[in-house]
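Participant: Below is the file my_file_36.cif, which contains mmCIF, C-alpha atoms.
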data_protein
#
loop_
_atom_site.label_atom_id
_atom_site.label_comp_id
_atom_site.auth_asym_id
_atom_site.auth_seq_id
_atom_site.Cartn_x
_atom_site.Cartn_y
_atom_site.Cartn_z
CA MET H 1 0.00 0.00 0.00
CA GLN H 2 2.80 2.38 0.96
CA ASP H 3 4.60 1.56 -2.32
CA ASN H 4 1.50 2.49 -4.32
CA ILE H 5 1.16 5.78 -2.47
CA SER H 6 4.84 6.57 -3.03
CA ARG H 7 4.55 5.74 -6.71
CA ALA H 8 1.48 7.94 -7.11
CA CYS H 9 3.26 10.78 -5.39
CA ARG H 10 6.24 10.33 -7.72
CA TYR H 11 3.97 10.55 -10.78
CA ILE H 12 2.33 13.70 -9.51
CA THR H 13 5.71 15.26 -8.78
CA MET H 14 7.01 14.38 -12.26
CA PHE H 15 3.93 15.77 -13.96
CA LYS H 16 4.08 19.00 -11.99
CA ASN H 17 7.73 19.43 -12.94
CA LEU H 18 6.85 18.74 -16.56
CA PHE H 19 4.10 21.32 -16.52
CA GLN H 20 6.47 23.94 -15.18
CA ILE H 21 9.02 23.31 -17.89
CA LEU H 22 6.61 23.53 -20.84
CA SER H 23 4.59 26.53 -19.67
CA GLY H 24 7.29 29.03 -20.59
CA VAL H 25 7.19 28.12 -24.26
CA LEU H 26 3.47 27.53 -24.59
CA GLY H 27 2.25 30.57 -22.73
CA ALA H 28 0.51 28.84 -19.85
CA PRO H 29 -0.18 30.85 -16.70
CA LYS H 30 3.02 31.77 -14.85
CA ILE H 31 3.82 29.62 -11.83
CA ASN H 32 6.47 29.90 -9.15
CA LEU H 33 9.80 28.57 -10.34
CA ASP H 34 13.18 28.54 -8.68
CA ASN H 35 15.63 31.16 -9.98
CA THR H 36 17.62 28.70 -12.09
CA LEU H 37 14.56 27.40 -13.93
CA GLN H 38 13.06 30.87 -14.26
CA SER H 39 16.19 32.11 -16.01
CA LYS H 40 15.79 29.43 -18.67
CA CYS H 41 12.10 30.05 -19.42
CA ASN H 42 10.84 32.70 -21.81
CA ASN H 43 7.14 32.96 -21.19
CA GLY H 44 4.79 33.08 -24.13
CA LYS H 45 6.95 31.72 -26.96
CA PRO H 46 5.02 29.91 -29.72
CA ALA H 47 5.03 26.16 -30.26
CA ASP H 48 3.34 23.50 -32.38
CA VAL H 49 2.19 20.59 -30.20
CA PHE H 50 1.12 17.31 -31.78
CA PHE H 51 -0.89 14.72 -29.82
CA LEU H 52 -0.77 11.15 -31.17
CA LEU H 53 -3.39 8.94 -29.52
CA ASP H 54 -3.43 5.16 -29.33
CA SER H 55 -6.92 4.17 -30.50
CA SER H 56 -6.44 0.40 -30.63
CA SER H 57 -8.96 -2.17 -29.45
CA SER H 58 -7.21 -2.62 -26.08
CA ILE H 59 -8.42 0.83 -25.03
CA TRP H 60 -11.95 1.03 -23.73
CA GLN H 61 -14.16 3.76 -25.14
CA VAL H 62 -14.45 5.47 -21.75
CA ASP H 63 -10.65 5.59 -21.41
CA TYR H 64 -10.31 6.94 -24.93
CA GLU H 65 -12.66 9.75 -23.99
CA ILE H 66 -10.48 10.49 -20.96
CA GLN H 67 -7.56 11.00 -23.37
CA LEU H 68 -9.64 13.48 -25.35
CA GLN H 69 -10.71 15.34 -22.22
CA PHE H 70 -7.07 15.48 -21.11
CA ILE H 71 -6.05 17.19 -24.36
CA SER H 72 -8.98 19.59 -24.13
CA ASP H 73 -7.97 20.51 -20.57
CA VAL H 74 -4.35 21.07 -21.61
CA ILE H 75 -5.52 23.35 -24.42
CA ASP H 76 -7.35 25.42 -21.81
CA MET H 77 -4.01 26.50 -20.37
CA PHE H 78 -2.59 28.05 -23.51
CA THR H 79 -3.10 30.92 -25.88
CA ILE H 80 -4.38 29.32 -29.08
CA ALA H 81 -3.69 31.51 -32.11
CA PRO H 82 -2.00 31.24 -35.52
CA ASN H 83 1.03 33.17 -34.23
CA HIS H 84 1.12 31.50 -30.82
CA THR H 85 0.41 27.94 -29.69
CA ARG H 86 -1.13 25.53 -32.21
CA VAL H 87 -2.29 21.97 -31.61
CA ALA H 88 -2.72 18.97 -33.93
CA VAL H 89 -4.33 15.65 -33.06
CA SER H 90 -4.20 12.26 -34.80
CA ALA H 91 -5.21 8.77 -33.69
CA PHE H 92 -3.87 5.40 -34.74
CA SER H 93 -4.49 1.67 -34.53
CA HIS H 94 -3.40 -0.48 -37.49
CA PHE H 95 -4.03 2.62 -39.58
CA TYR H 96 -3.43 6.31 -39.01
CA ARG H 97 -6.19 8.89 -39.01
CA PRO H 98 -5.47 12.64 -38.91
CA PHE H 99 -8.26 14.60 -37.26
CA ILE H 100 -6.88 18.07 -36.51
CA ARG H 101 -4.03 19.82 -38.35
CA PHE H 102 -1.99 22.64 -36.88
CA ASP H 103 -3.80 25.11 -39.12
CA SER H 104 -7.31 23.69 -38.67
CA TYR H 105 -8.57 26.00 -35.91
CA ASN H 106 -7.65 29.51 -34.79
CA THR H 107 -9.68 29.72 -31.60
CA LYS H 108 -9.52 27.71 -28.41
CA GLU H 109 -13.26 27.04 -28.37
CA GLN H 110 -13.31 25.56 -31.89
CA LEU H 111 -10.22 23.49 -31.18
CA LYS H 112 -11.56 22.03 -27.92
CA GLU H 113 -14.85 21.08 -29.53
CA ALA H 114 -13.03 19.33 -32.36
CA VAL H 115 -10.79 17.44 -29.92
CA LEU H 116 -13.74 16.04 -27.99
CA ASN H 117 -15.18 14.70 -31.27
CA VAL H 118 -12.08 12.78 -32.37
CA ARG H 119 -13.41 9.35 -33.31
CA TYR H 120 -12.36 6.04 -31.75
CA LEU H 121 -10.85 3.65 -34.31
CA SER H 122 -10.11 0.18 -32.78
CA GLY H 123 -7.64 -2.29 -34.22
CA SER H 124 -3.99 -3.27 -33.66
CA THR H 125 -1.15 -1.06 -32.38
CA TYR H 126 1.02 0.12 -35.29
CA THR H 127 2.93 2.83 -33.46
CA GLY H 128 5.82 2.94 -35.93
CA ASP H 129 3.55 3.62 -38.89
CA ALA H 130 1.79 6.34 -36.91
CA LEU H 131 5.08 8.03 -35.97
CA LYS H 132 6.06 8.02 -39.64
CA LYS H 133 2.78 9.70 -40.55
CA MET H 134 3.26 12.21 -37.74
CA ARG H 135 6.60 13.10 -39.32
CA THR H 136 5.73 13.07 -43.01
CA ARG H 137 2.15 14.34 -42.81
CA GLY H 138 1.48 15.88 -39.40
CA PHE H 139 4.54 18.08 -38.97
CA LYS H 140 4.39 18.99 -42.64
CA HIS H 141 2.10 21.79 -41.49
CA ALA H 142 4.32 22.92 -38.59
CA ARG H 143 6.00 26.31 -38.55
CA PRO H 144 9.79 26.64 -38.84
CA GLY H 145 11.58 28.39 -36.01
CA VAL H 146 9.18 27.38 -33.22
CA ALA H 147 9.23 24.47 -30.80
CA HIS H 148 8.01 21.22 -32.35
CA ILE H 149 6.61 18.94 -29.64
CA GLY H 150 5.02 15.51 -29.98
CA VAL H 151 3.07 13.75 -27.24
CA VAL H 152 2.47 10.00 -27.76
CA LEU H 153 -0.06 8.25 -25.52
CA THR H 154 -0.32 4.45 -25.63
CA ASP H 155 -1.43 1.55 -23.48
CA GLY H 156 0.35 -1.28 -25.30
CA ALA H 157 3.47 -2.46 -27.09
CA SER H 158 3.65 -1.76 -30.82
CA ALA H 159 3.44 -4.43 -33.51
CA ASN H 160 6.94 -3.62 -34.80
CA LYS H 161 9.27 -2.30 -32.11
CA GLU H 162 12.24 -1.78 -34.44
CA LYS H 163 10.18 0.39 -36.78
CA THR H 164 8.80 2.34 -33.82
CA LYS H 165 12.32 3.06 -32.58
CA GLU H 166 13.52 3.98 -36.10
CA GLU H 167 10.66 6.39 -36.76
CA ALA H 168 10.96 8.02 -33.34
CA GLU H 169 14.67 8.64 -34.00
CA LYS H 170 13.84 10.27 -37.34
CA LEU H 171 11.42 12.63 -35.62
CA LYS H 172 13.88 13.56 -32.91
CA SER H 173 16.72 14.08 -35.39
CA MET H 174 14.51 16.61 -37.19
CA GLY H 175 14.01 18.76 -34.12
CA VAL H 176 10.86 17.26 -32.63
CA TYR H 177 10.86 16.82 -28.85
CA LEU H 178 8.89 13.67 -28.07
CA PHE H 179 7.03 12.86 -24.88
CA ALA H 180 6.03 9.20 -24.43
CA ILE H 181 3.29 8.38 -21.95
CA GLY H 182 2.38 4.78 -21.17
CA VAL H 183 -0.88 3.96 -19.45
CA GLY H 184 -1.74 0.74 -17.62
CA SER H 185 0.45 -2.36 -17.40
CA LYS H 186 0.77 -3.67 -20.97
CA PHE H 187 3.07 -1.09 -22.54
CA ASP H 188 6.80 -1.73 -23.00
CA MET H 189 8.86 0.71 -20.92
CA ASN H 190 11.94 0.14 -23.08
CA GLU H 191 9.87 1.10 -26.11
CA LEU H 192 8.64 4.25 -24.38
CA ILE H 193 12.27 5.15 -23.68
CA ASP H 194 13.07 4.60 -27.36
CA ILE H 195 10.23 6.92 -28.34
CA GLY H 196 10.87 9.73 -25.87
CA SER H 197 13.54 12.40 -26.07
CA LYS H 198 16.45 12.50 -23.62
CA PRO H 199 16.78 12.62 -20.71
CA SER H 200 14.11 9.97 -20.26
CA GLU H 201 13.20 11.14 -16.77
CA ASP H 202 11.91 14.37 -18.33
CA PHE H 203 10.23 12.93 -21.44
CA VAL H 204 8.99 9.43 -20.52
CA TYR H 205 6.15 8.77 -18.08
CA ASP H 206 3.94 5.88 -17.04
CA VAL H 207 0.66 5.95 -15.15
CA ASP H 208 -1.46 3.14 -13.76
CA LYS H 209 -4.80 4.28 -15.13
CA TYR H 210 -6.22 6.69 -17.65
CA ASN H 211 -7.83 8.77 -14.93
CA MET H 212 -4.32 9.66 -13.73
CA LEU H 213 -3.84 11.61 -16.96
CA ASP H 214 -5.65 14.40 -15.17
CA SER H 215 -2.32 15.03 -13.44
CA ILE H 216 -0.84 16.00 -16.79
CA ARG H 217 -3.47 18.68 -17.14
CA GLU H 218 -1.52 20.48 -14.44
CA THR H 219 1.88 19.55 -15.80
CA LEU H 220 2.20 19.12 -19.56
CA ALA H 221 3.35 22.60 -20.41
CA MET H 222 6.88 23.35 -19.34
CA LYS H 223 9.74 21.12 -20.49
CA ALA H 224 10.59 22.93 -23.71
CA CYS H 225 12.03 26.05 -22.10
CA THR H 226 14.88 24.04 -20.53
CA VAL H 227 16.06 22.81 -23.93
CA GLU H 228 18.76 24.98 -25.44
CA SER H 229 17.69 26.91 -28.56
CA ILE H 230 14.36 25.11 -28.76
CA THR H 231 12.77 27.99 -30.65
CA GLU H 232 15.47 27.55 -33.27
CA ALA H 233 14.46 23.97 -34.01
CA PRO H 234 15.49 22.99 -37.55
CA LEU H 235 12.98 23.08 -40.36
CA LEU H 236 11.70 19.55 -40.78
CA GLN H 237 12.94 17.82 -43.92
CA MET H 238 10.21 15.48 -45.06
CA ASP H 239 11.15 12.21 -46.72
CA GLN H 240 9.94 11.89 -50.26
CA PRO H 241 8.01 8.66 -50.69
CA ALA H 242 10.21 6.24 -52.60
CA CYS H 243 7.45 4.77 -54.80
CA GLY H 244 7.47 6.79 -58.01
CA LEU H 245 10.98 8.22 -57.78
CA LYS H 246 12.42 5.69 -60.26
CA GLY H 247 9.54 5.60 -62.73
CA THR H 248 6.05 6.82 -63.58
CA ALA H 249 2.79 4.92 -63.31
CA ASP H 250 -0.90 5.61 -63.77
CA MET H 251 -2.77 3.45 -61.27
CA MET H 252 -6.51 2.77 -61.34
CA PHE H 253 -8.21 1.17 -58.31
CA CYS H 254 -11.42 -0.71 -59.16
CA PHE H 255 -14.09 -2.23 -56.92
CA ASP H 256 -17.85 -2.65 -56.95
CA SER H 257 -19.08 -0.36 -54.19
CA ALA H 258 -22.72 -1.32 -54.79
CA ALA H 259 -22.02 -4.98 -54.07
CA THR H 260 -19.45 -4.27 -51.38
CA GLY H 261 -21.68 -2.05 -49.25
CA THR H 262 -21.00 1.16 -47.37
CA ALA H 263 -18.95 -0.18 -44.46
CA ARG H 264 -16.66 -2.33 -46.60
CA SER H 265 -16.31 0.40 -49.21
CA LYS H 266 -15.03 2.74 -46.50
CA ILE H 267 -12.39 0.15 -45.60
CA VAL H 268 -11.27 0.01 -49.24
CA TYR H 269 -11.20 3.80 -49.55
CA ASN H 270 -9.19 4.08 -46.33
CA PHE H 271 -6.76 1.48 -47.65
CA ILE H 272 -6.29 3.43 -50.89
CA THR H 273 -5.66 6.57 -48.85
CA GLU H 274 -3.02 4.82 -46.74
CA ILE H 275 -1.30 3.41 -49.84
CA THR H 276 -1.35 6.74 -51.65
CA ASP H 277 0.63 8.25 -48.79
CA GLU H 278 3.51 6.01 -49.88
CA PHE H 279 3.46 7.37 -53.46
CA ASN H 280 5.54 10.18 -54.85
CA MET H 281 2.91 12.39 -56.51
CA ASN H 282 4.64 15.79 -56.58
CA ASP H 283 3.10 18.04 -59.25
CA GLY H 284 1.74 15.08 -61.18
CA ASP H 285 5.09 13.30 -61.51
CA GLY H 286 5.70 9.76 -60.31
CA ILE H 287 2.37 8.10 -59.51
CA ARG H 288 -1.09 9.24 -60.56
CA VAL H 289 -4.12 7.58 -58.97
CA GLY H 290 -7.70 7.11 -60.12
CA ILE H 291 -10.66 5.18 -58.71
CA MET H 292 -13.62 3.52 -60.40
CA SER H 293 -16.09 1.99 -57.98
CA ARG H 294 -19.60 1.97 -59.41
CA ASN H 295 -21.80 2.21 -62.48
CA CYS H 296 -23.33 5.64 -62.11
CA HIS H 297 -27.10 5.86 -62.63
CA GLU H 298 -27.09 2.40 -64.22
CA HIS H 299 -30.58 1.49 -63.05
CA ASP H 300 -32.15 4.90 -62.41
CA ILE H 301 -35.85 5.22 -63.23
CA HIS H 302 -37.17 8.75 -63.57
CA LEU H 303 -40.66 9.84 -62.61
CA ASP H 304 -41.81 10.17 -66.21
CA ASP H 305 -40.19 7.01 -67.60
CA TYR H 306 -43.22 4.79 -66.93
CA ILE H 307 -46.79 5.85 -66.32
CA GLN H 308 -48.33 2.38 -66.41
CA LYS H 309 -47.89 0.02 -63.45
CA ASP H 310 -47.30 -3.05 -65.59
CA GLU H 311 -44.56 -1.28 -67.58
CA LEU H 312 -42.86 -0.10 -64.40
CA MET H 313 -42.97 -3.56 -62.82
CA GLY H 314 -41.60 -5.09 -66.00
CA ALA H 315 -38.73 -2.60 -66.08
CA ILE H 316 -37.86 -3.34 -62.47
CA ASN H 317 -37.98 -7.10 -62.97
CA SER H 318 -35.73 -6.84 -66.01
CA ILE H 319 -32.93 -5.06 -64.14
CA GLU H 320 -29.79 -7.14 -64.23
CA PHE H 321 -26.86 -6.13 -62.05
CA GLN H 322 -23.61 -6.33 -63.99
CA GLY H 323 -21.13 -6.22 -61.07
CA MET H 324 -17.42 -5.67 -61.65
CA GLY H 325 -17.40 -6.29 -65.43
CA PRO H 326 -18.68 -2.86 -66.55
CA ILE H 327 -16.36 -1.16 -64.07
CA LEU H 328 -13.38 -2.90 -65.66
CA HIS H 329 -14.72 -2.03 -69.10
CA ASN H 330 -14.91 1.67 -68.20
CA MET H 331 -11.48 1.54 -66.63
CA ARG H 332 -9.99 -0.04 -69.75
CA LYS H 333 -11.78 2.30 -72.15
CA HIS H 334 -11.59 5.58 -70.28
CA GLY H 335 -9.40 5.34 -67.15
CA PHE H 336 -6.06 5.84 -68.87
CA LYS H 337 -7.16 8.37 -71.49
CA GLU H 338 -5.00 11.44 -71.89
CA SER H 339 -8.11 13.59 -71.39
CA HIS H 340 -8.42 12.03 -67.92
CA GLY H 341 -4.76 12.56 -67.03
CA GLY H 342 -3.27 9.42 -68.53
CA ARG H 343 0.34 9.59 -69.72
CA THR H 344 1.55 7.66 -72.74
CA GLU H 345 4.97 6.97 -71.20
CA ALA H 346 3.64 5.85 -67.81
CA ARG H 347 3.26 2.26 -66.68
CA LYS H 348 -0.44 1.39 -66.59
CA ILE H 349 -1.59 -0.47 -63.48
CA ALA H 350 -5.07 -1.66 -62.48
CA VAL H 351 -5.75 -2.81 -58.92
CA LEU H 352 -8.94 -4.87 -58.58
CA PHE H 353 -10.61 -5.72 -55.27
CA VAL H 354 -12.26 -9.13 -55.58
CA ASP H 355 -14.09 -11.20 -52.96
CA GLU H 356 -16.01 -14.49 -52.93
CA GLU H 357 -19.24 -12.62 -53.75
CA THR H 358 -17.94 -11.13 -56.99
CA GLU H 359 -20.46 -12.02 -59.70
CA LYS H 360 -20.60 -12.21 -63.51
CA LEU H 361 -17.10 -13.67 -63.55
CA ASP H 362 -17.11 -14.46 -67.29
CA PHE H 363 -17.51 -10.75 -68.01
CA VAL H 364 -14.76 -9.97 -65.50
CA PHE H 365 -12.42 -12.52 -67.12
CA GLN H 366 -13.13 -11.06 -70.56
CA GLU H 367 -12.44 -7.48 -69.50
CA ALA H 368 -9.33 -8.46 -67.53
CA ALA H 369 -7.97 -10.28 -70.60
CA GLU H 370 -8.68 -7.24 -72.80
CA ALA H 371 -6.95 -4.96 -70.28
CA LYS H 372 -3.85 -7.14 -70.19
CA SER H 373 -3.73 -7.31 -73.98
CA GLN H 374 -3.67 -3.49 -74.02
CA GLY H 375 -0.62 -3.37 -71.77
CA ILE H 376 -2.43 -2.78 -68.48
CA GLU H 377 -0.80 -4.63 -65.60
CA VAL H 378 -3.51 -6.14 -63.38
CA TYR H 379 -3.06 -6.66 -59.65
CA VAL H 380 -5.75 -8.37 -57.57
CA VAL H 381 -6.48 -7.80 -53.89
CA SER H 382 -8.21 -11.07 -53.00
CA ILE H 383 -10.52 -10.79 -49.97
CA GLY H 384 -11.85 -13.95 -48.37
CA ASN H 385 -11.96 -17.41 -49.92
CA VAL H 386 -11.63 -16.60 -53.62
CA ASN H 387 -11.04 -19.55 -55.95
CA VAL H 388 -7.43 -19.76 -57.14
CA ASP H 389 -8.52 -20.33 -60.74
CA VAL H 390 -10.48 -17.07 -60.63
CA LEU H 391 -7.39 -15.19 -59.51
CA ARG H 392 -5.25 -16.78 -62.24
CA LYS H 393 -7.68 -15.65 -64.95
CA ILE H 394 -7.77 -12.04 -63.71
CA ALA H 395 -4.24 -11.19 -62.55
CA SER H 396 -1.20 -10.54 -64.72
CA GLU H 397 1.72 -12.95 -64.84
CA PRO H 398 3.46 -14.02 -62.72
CA VAL H 399 0.28 -14.50 -60.68
CA GLY H 400 2.19 -14.99 -57.43
CA SER H 401 3.49 -11.42 -57.47
CA HIS H 402 0.23 -9.89 -58.75
CA VAL H 403 -2.18 -11.33 -56.17
CA ILE H 404 -2.29 -10.12 -52.57
CA LYS H 405 -4.55 -12.14 -50.30
CA VAL H 406 -6.33 -11.30 -47.07
CA SER H 407 -8.88 -13.28 -45.08
CA SER H 408 -11.49 -10.55 -44.55
CA TYR H 409 -12.25 -6.88 -45.14
CA ASP H 410 -11.30 -6.13 -41.53
CA ASP H 411 -7.77 -7.25 -42.34
CA VAL H 412 -7.40 -5.19 -45.53
CA PRO H 413 -5.43 -2.43 -43.74
CA LEU H 414 -2.78 -5.02 -42.85
CA LEU H 415 -1.98 -5.51 -46.56
CA LYS H 416 -0.34 -2.12 -46.95
CA GLU H 417 3.29 -3.19 -46.67
CA ASP H 418 2.88 -6.25 -48.94
CA PHE H 419 0.99 -4.20 -51.50
CA VAL H 420 3.53 -1.38 -51.63
CA ASN H 421 6.42 -3.83 -51.86
CA SER H 422 4.74 -5.66 -54.77
CA VAL H 423 3.49 -2.72 -56.80
CA CYS H 424 6.39 -0.33 -56.20
CA GLU H 425 9.24 -2.75 -56.84
CA ASP H 426 10.30 -1.06 -60.11
CA LEU H 427 8.96 2.41 -59.35
#
Mind turning the file's structure into C-alpha cells?

Facilitator:
Amino acid sequence: MQDNISRACRYITMFKNLFQILSGVLGAPKINLDNTLQSKCNNGKPADVFFLLDSSSSIWQVDYEIQLQFISDVIDMFTIAPNHTRVAVSAFSHFYRPFIRFDSYNTKEQLKEAVLNVRYLSGSTYTGDALKKMRTRGFKHARPGVAHIGVVLTDGASANKEKTKEEAEKLKSMGVYLFAIGVGSKFDMNELIDIGSKPSEDFVYDVDKYNMLDSIRETLAMKACTVESITEAPLLQMDQPACGLKGTADMMFCFDSAATGTARSKIVYNFITEITDEFNMNDGDGIRVGIMSRNCHEHDIHLDDYIQKDELMGAINSIEFQGMGPILHNMRKHGFKESHGGRTEARKIAVLFVDEETEKLDFVFQEAAEAKSQGIEVYVVSIGNVNVDVLRKIASEPVGSHVIKVSSYDDVPLLKEDFVNSVCEDL
C-alpha cells in the first residue's frame, strides 16, 4: 500500500515538474519557479504541439474519452492563435487517421470542440507507422523556427518495435521533442524510452490508469524552455516517398461499391488513402491515382419514364446487375485516357478488389484479358476465400506477385506493406 502511495506521489511530482518546464514556451499561466529554472524560461513563446493517440482495441471507449478530455484541458491553459500555440491531433491503430491539423482552428473554443469529437478507431497497435505519418504528414504543417513537440499516448506495445524506434529517431533528429506516456500495465517501458527524447526522466512517463492523466493537465506545459535553442528547431525535412521516384505509373483502383456495401467500401477507400501516402505524386510526376467503384445511374428510373404500373414492374424485374465487369470495361476504355490525365509513357496499373461474392465472372475474365492485352498490368487484392482459378484468370503474370490475399475486409489495412512492396518494386 505504501509503495502504491509513493509511486502515485512520484507521478504527480514528475507531472508537476513537466508542466512547469513547458509553460514558458506555450504561454501557460506563470507559476512559481526557482531562480535557475526561471532564467531558462521565456514565457509566451510559440510552439506547435502534436498529440498522437493510441486508438487500438485494447483501449476502452471510456478511457479513450479520458484522453480526449485530457487534451482539451491542456488546451485550456494556452493561448491558441495562428502566431502563438497551435495543436494537432491524430489517432492510430493499425491505420493512421489525422483529425486536426496545426492550421485547422484559430480559436480555443473551436479546437476544444473538435478534440472532444475525435473518433475512436479500434484495431492493432502500429505505433511505428503512426510516428512516420506524424513526421511526413502531421509536422508537414508545422512552422519553422518554433518548438516542435510531440506527445504520444499508448497503453500497449507496438506491432513492430524496431520500426517504432527507427521512426521516433527520425522525428527527434529533425528537431521534434517527443514525450512518451504509457498507461496501464501492458506497454513496454523500453519502447517508451526509445520513443521519448532525452533525458528519459523528463520525457517518458507511465501511469497506472487513464484517470491519472488528469495530473498532466496540471503539468504538460513546461519542459521545452529548458532545452537549449528550442525555438530555433530545424525546419523539418520530409522524406519523399520512394514509390514513383524511379519511374512513372498511372494506377486505377477498381471495386464494386454497390455490391461491397458502405462499411466495406469505406475500408477500401481508407486502404487506398493509406497506400497513396507512400506514393511520390509531386506536381503530377511519379504516380497518378484514379478510382472507379460503381456504375453511375445504371438502373435509375425517372418519374416520367413509366406511367403504367405493368410497364414499371416489367422494367424493375428486367434489371440485371452487372457487377465488376462494366467497371473494368470503363477503366480499360476511359481510365487511362490522356483527357483524364493518362500519360503515354507511364506504366499502366489496375488494382482490382475481388471477394467471394464477386459475380458475372465471365464478363470480369473477358475485360481483364482485354486490359492485359492493351498493356495494363492487373493486380488483384483477394478478400476472403476466392477460388485460385479465378485469380489466375484475372491477374497478370506471374500470378504470385500480382495477387495479394487477405482473409477478410477487416484485415485489408494489414496488406499495406505487402501491397507497396509488390506494386512499387520497379517504381

Participant: Suppose a student applies the PyMOL selection byres ((chain H and resi 55) around 7) to this structure; what residues should they get, written as a short mmCIF file (atom, residue, chain, number, x, y, z; two decimals) with C-alpha atoms, keeping the file's coordinate frame?

Facilitator:
data_model
loop_
_atom_site.label_atom_id
_atom_site.label_comp_id
_atom_site.auth_asym_id
_atom_site.auth_seq_id
_atom_site.Cartn_x
_atom_site.Cartn_y
_atom_site.Cartn_z
CA LEU H 53 -3.39 8.94 -29.52
CA ASP H 54 -3.43 5.16 -29.33
CA SER H 56 -6.44 0.40 -30.63
CA SER H 57 -8.96 -2.17 -29.45
CA ILE H 59 -8.42 0.83 -25.03
CA ALA H 91 -5.21 8.77 -33.69
CA PHE H 92 -3.87 5.40 -34.74
CA SER H 93 -4.49 1.67 -34.53
CA TYR H 120 -12.36 6.04 -31.75
CA LEU H 121 -10.85 3.65 -34.31
CA SER H 122 -10.11 0.18 -32.78
#

Participant: So which residues touch Leu178 of chain H within 6 Å, counting only C-alpha atoms, skipping near sequence neighbours fewer than 5 positions away, as a PyMOL selection string?

Facilitator: chain H and resi 149-151+196-197

Participant: Just want the 8 Å neighbourhood of Val89 of chain H, counted on all atoms listed in the file, with same-chain residues fewer than 5 positions away dropped. Output as a PyMOL selection string.

Facilitator: chain H and resi 50-53+98-101+115

Participant: I need the residues from that last selection saved to file as a JSON list (two decimals), in the coordinates of the input (with C-alpha atoms), if you can.

Facilitator:
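Wrote it out as selection-v8.json, contents follow:
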[["chain", "number", "residue", "atom", "x", "y", "z"],
["H", 50, "PHE", "CA", 1.12, 17.31, -31.78],
["H", 51, "PHE", "CA", -0.89, 14.72, -29.82],
["H", 52, "LEU", "CA", -0.77, 11.15, -31.17],
["H", 53, "LEU", "CA", -3.39, 8.94, -29.52],
["H", 98, "PRO", "CA", -5.47, 12.64, -38.91],
["H", 99, "PHE", "CA", -8.26, 14.60, -37.26],
["H", 100, "ILE", "CA", -6.88, 18.07, -36.51],
["H", 101, "ARG", "CA", -4.03, 19.82, -38.35],
["H", 115, "VAL", "CA", -10.79, 17.44, -29.92]]

Participant: What does the distance from atom CA of Tyr105 of chain H to atom CA of Pro144 of chain H come to in Å, to one decimal?

Facilitator: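 So the answer is 18.6 Å.
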
Participant: Identify all residues satisfying the PyMOL selection byres ((chain H and resi 47) around 6) in the given file; provide them as a PDB file with C-alpha atoms, in the coordinates of the input.

Facilitator:
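Output saved as expr_8.pdb:
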ATOM      1  CA  PRO H  46       5.020  29.910 -29.720  1.00  0.00           C
ATOM      2  CA  ASP H  48       3.340  23.500 -32.380  1.00  0.00           C
ATOM      3  CA  THR H  85       0.410  27.940 -29.690  1.00  0.00           C
ATOM      4  CA  VAL H 146       9.180  27.380 -33.220  1.00  0.00           C
ATOM      5  CA  ALA H 147       9.230  24.470 -30.800  1.00  0.00           C
TER       6      ALA H 147
END

Participant: Have a look at atom CA of Thr248 of chain H and atom CA of Ile287 of chain H and let me know their distance in Å, one decimal.

Facilitator: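 A separation of 5.6 Å between them.
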
Participant: Hey, can you check how far atom CA of Glu167 of chain H sits from atom CA of Ser422 of chain H?

Facilitator: 22.5 Å

Participant: What's around Glu345 of chain H at 10 Å? Count only C-alpha atoms, leave out sequence neighbours fewer than 5 positions away in its own chain, and write the answer as an MDAnalysis selection string.

Facilitator: chainID H and resid 247:250

Participant: Between H:Gln67, H:Glu425, H:Thr262, H:Val381, single out the one closest to Leu245 of chain H, counting only C-alpha atoms.

Facilitator: H:Glu425
